[in-house]
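Content type CSV, C-alpha atoms, from the file entry-v2.csv:
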```csv
chain,number,residue,atom,x,y,z
A,154,MET,CA,1.7,26.1,-6.7
A,155,ARG,CA,3.8,27.2,-3.8
A,156,GLN,CA,1.9,24.8,-1.4
A,157,GLU,CA,2.5,21.9,-3.8
A,158,SER,CA,6.2,22.6,-4.0
A,159,PHE,CA,6.5,22.9,-0.2
A,160,LEU,CA,4.6,19.6,0.3
A,161,ARG,CA,6.7,17.8,-2.3
A,162,ASN,CA,10.0,19.0,-0.7
A,163,LYS,CA,8.7,18.0,2.8
A,164,ILE,CA,7.6,14.5,1.6
A,165,ASN,CA,10.8,14.0,-0.4
A,166,ARG,CA,13.0,14.9,2.6
A,167,GLN,CA,11.1,12.4,4.9
A,168,ILE,CA,11.3,9.6,2.3
A,169,ASN,CA,15.1,10.2,1.8
A,170,GLN,CA,15.8,10.3,5.6
A,171,ASN,CA,13.4,7.6,6.8
A,172,GLY,CA,12.2,5.7,3.8
A,173,SER,CA,13.2,2.3,2.4
A,174,GLU,CA,13.4,0.9,-1.1
A,175,TYR,CA,10.4,-1.2,-2.2
A,176,THR,CA,10.0,-3.6,-5.1
A,177,PHE,CA,6.5,-3.9,-6.4
A,178,GLN,CA,5.6,-6.8,-8.8
A,179,ARG,CA,2.8,-7.1,-11.2
A,180,TYR,CA,1.9,-10.6,-12.3
A,181,SER,CA,0.5,-11.6,-15.6
A,182,VAL,CA,-3.1,-13.0,-16.0
A,183,ASP,CA,-3.9,-16.3,-17.6
A,184,GLU,CA,-6.6,-17.0,-20.1
A,185,TYR,CA,-9.1,-17.5,-17.2
A,186,GLY,CA,-8.4,-14.1,-15.7
A,187,GLN,CA,-6.4,-15.6,-12.8
A,188,LEU,CA,-3.1,-14.3,-11.7
A,189,SER,CA,-0.2,-16.5,-12.8
A,190,ASP,CA,3.2,-17.0,-11.2
A,191,GLU,CA,4.9,-15.0,-14.1
A,192,VAL,CA,6.0,-11.5,-13.2
A,193,GLN,CA,4.9,-9.1,-15.9
A,194,GLU,CA,6.5,-5.9,-14.5
A,195,THR,CA,8.6,-4.8,-11.6
A,196,PHE,CA,8.7,-1.3,-10.1
A,197,ILE,CA,11.4,-0.2,-7.6
A,198,PHE,CA,11.3,3.1,-5.7
A,199,LYS,CA,11.9,4.6,-2.3
A,200,GLY,CA,8.9,5.2,0.0
A,201,LEU,CA,7.8,5.5,3.6
A,202,PHE,CA,5.9,2.6,5.2
A,203,HIS,CA,3.4,3.5,7.9
A,204,GLU,CA,0.4,2.0,9.6
A,205,THR,CA,-2.8,3.3,11.1
A,206,ILE,CA,-5.0,1.3,13.5
A,207,ARG,CA,-8.6,0.9,12.7
A,208,HIS,CA,-11.0,-0.3,15.5
A,209,VAL,CA,-13.4,-3.0,14.5
A,210,GLN,CA,-16.3,-4.1,16.7
A,211,ASP,CA,-16.8,-7.8,16.9
A,212,VAL,CA,-20.1,-9.0,18.3
A,213,LEU,CA,-19.7,-12.3,20.0
A,214,THR,CA,-23.3,-13.3,20.5
A,215,GLU,CA,-26.6,-11.5,20.9
A,216,ASN,CA,-26.5,-11.5,24.7
A,217,ALA,CA,-22.7,-11.0,25.1
A,218,SER,CA,-21.0,-7.7,24.9
A,219,ALA,CA,-19.0,-6.6,21.9
A,220,ARG,CA,-15.2,-6.8,21.7
A,221,ILE,CA,-13.1,-4.2,19.9
A,222,ILE,CA,-10.3,-5.5,17.7
A,223,ASP,CA,-7.5,-3.3,16.5
A,224,VAL,CA,-6.8,-3.9,12.8
A,225,PRO,CA,-3.7,-2.3,11.2
A,226,SER,CA,-4.0,-0.6,7.8
A,227,SER,CA,-0.7,-0.4,6.0
A,228,TYR,CA,0.5,2.2,3.6
A,229,ILE,CA,3.5,3.3,1.6
A,230,LEU,CA,3.9,7.1,1.0
A,231,CYS,CA,5.8,7.8,-2.2
A,232,LEU,CA,6.3,10.6,-4.6
A,233,PHE,CA,3.6,11.0,-7.3
A,234,GLU,CA,5.9,10.0,-10.2
A,235,ASP,CA,7.1,6.9,-8.4
A,236,GLY,CA,3.6,5.6,-7.4
A,237,ASP,CA,1.9,6.5,-10.7
A,238,PRO,CA,2.6,3.1,-12.4
A,239,ILE,CA,1.4,1.1,-9.4
A,240,ARG,CA,-2.0,-0.5,-9.8
A,241,ILE,CA,-4.5,-2.4,-7.7
A,242,ASP,CA,-3.4,-6.1,-7.3
A,243,ASP,CA,0.3,-5.3,-7.6
A,244,PHE,CA,2.4,-7.0,-4.8
A,245,VAL,CA,5.2,-5.9,-2.5
A,246,GLU,CA,7.2,-7.8,0.1
A,247,ILE,CA,7.9,-6.0,3.4
A,248,ASN,CA,9.8,-7.7,6.2
A,249,GLY,CA,9.0,-11.2,5.0
A,250,ASN,CA,5.3,-10.4,4.6
A,251,ILE,CA,3.5,-10.2,1.2
A,252,TYR,CA,1.1,-7.2,0.7
A,253,LYS,CA,-1.3,-6.6,-2.1
A,254,VAL,CA,-2.1,-3.1,-3.3
A,255,VAL,CA,-5.8,-2.4,-2.6
A,256,ASN,CA,-5.9,1.4,-3.3
A,257,ARG,CA,-3.8,4.3,-4.4
A,258,ILE,CA,-4.7,7.7,-3.0
A,259,ASN,CA,-3.5,11.0,-4.5
A,260,VAL,CA,-2.6,12.9,-1.3
A,261,GLY,CA,-4.6,16.1,-1.2
A,262,ASN,CA,-5.2,15.8,-5.0
A,263,PHE,CA,-2.1,17.9,-5.4
A,264,ASN,CA,-0.3,15.3,-7.8
A,265,VAL,CA,2.6,15.4,-5.4
A,266,ALA,CA,2.5,12.1,-3.6
A,267,TYR,CA,0.5,8.8,-3.4
A,268,ASP,CA,-0.4,6.9,-0.3
A,269,ILE,CA,-0.5,3.3,-1.5
A,270,SER,CA,-2.9,1.3,0.6
A,271,LEU,CA,-1.9,-2.3,1.3
A,272,GLU,CA,-3.5,-5.5,2.6
A,273,MET,CA,-1.4,-8.3,4.0
A,274,VAL,CA,-1.7,-11.6,2.1
A,275,VAL,CA,-2.3,-14.1,4.9
A,276,ASP,CA,-2.4,-17.5,3.1
A,277,GLY,CA,0.3,-16.7,0.6
A,278,SER,CA,-1.9,-16.8,-2.5
A,279,LYS,CA,-2.3,-13.9,-4.9
A,280,SER,CA,-6.1,-14.2,-5.1
```
Please re-express this file's structure in structure tokens.
Amino acid sequence: MRQESFLRNKINRQINQNGSEYTFQRYSVDEYGQLSDEVQETFIFKGLFHETIRHVQDVLTENASARIIDVPSSYILCLFEDGDPIRIDDFVEINGNIYKVVNRINVGNFNVAYDISLEMVVDGSKS
């Protein structure tokens, strides 16, 4: 219990000092199971945006050497109770870019914080 309390206070302090407010939106689904333009729910809370770099190997041809591409993985760290209502396929806008929620990870399985995994929407569609 003491470890969870310490972790919660540490994360809460970082979010309050360095975090930003994020607005997540959940869109309704039409009769065909496609996302509509109608916002069903909105969730607003403070979190900490961060990215990690994943190295992906791209093979050009069979005879050519491979090239390594750096692909950023984006996350928002938030307190457990703030991230609890967030679901896969919710959307958030960050610095003019639209991101879709692709996963939500319970940090350390302590029920203290979530790391919400995001994927940038490149073409502007919600699909």
For Glu272 (chain A), please output as JSON, numbers by chain all residues within 10 Å (counting all atoms listed in the file; exclusion window: fewer than 5 positions along the same chain).
-> {"A": [225, 226, 227, 228, 242, 244, 251, 252, 253, 254, 255, 256]}
Distance CA of Lys199 (chain A)-CA of Val182 (chain A), one decimal place?
-> 26.9 Å
Against region 184-196 of chain A, which residues of region 156-176 of chain A fall within 12 Å? For each one I want the closest pair of atoms and the distance in Å (one decimal), counting all atoms listed in the file, rows by chain and increasing residue number, as CSV.
```
residue,atom,partner,partner_atom,distance
A:Glu174,CA,A:Phe196,CA,10.4
A:Tyr175,CA,A:Phe196,CA,8.1
A:Thr176,CA,A:Phe196,CA,5.7
```
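What separates CA of Ala266 (chain A) from CA of Arg207 (chain A) is a distance of 22.7 Å.
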Considering all atoms listed in the file, state which residue in the set A:Val224, A:Tyr180, A:Asn169, A:Leu232 is at the smallest distance from Val265 (chain A).
-> A:Leu232
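Picture a line from CA of Phe202 (chain A) to CA of Asn259 (chain A); it runs 15.9 Å.
In this comparison, which uses only C-alpha atoms, the residue of A:Asn165, A:Ser270, A:Ser173, A:Gln156 approaching Ile197 (chain A) most closely is A:Ser173.
Here the question is which of A:Phe198, A:Phe177, A:Phe159, A:Phe263 gets nearest to Cys231 (chain A) using all atoms listed in the file, and that residue is A:Phe198.
Distances to Arg240 (chain A) were evaluated for A:Asn262, A:Asp276, A:Gln178, A:Gln167 using only C-alpha atoms, and the minimum falls at A:Gln178.
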Using all atoms listed in the file, the residue out of A:Asp183, A:Leu160, A:Arg155, A:Glu204 with shortest distance to Gly261 (chain A) is A:Leu160
In terms of the shortest atom-to-atom distance over all atoms listed in the file, which of A:Arg166, A:His203, A:Val260, A:Asp268 is closest to Ile239 (chain A)?
-> A:Asp268
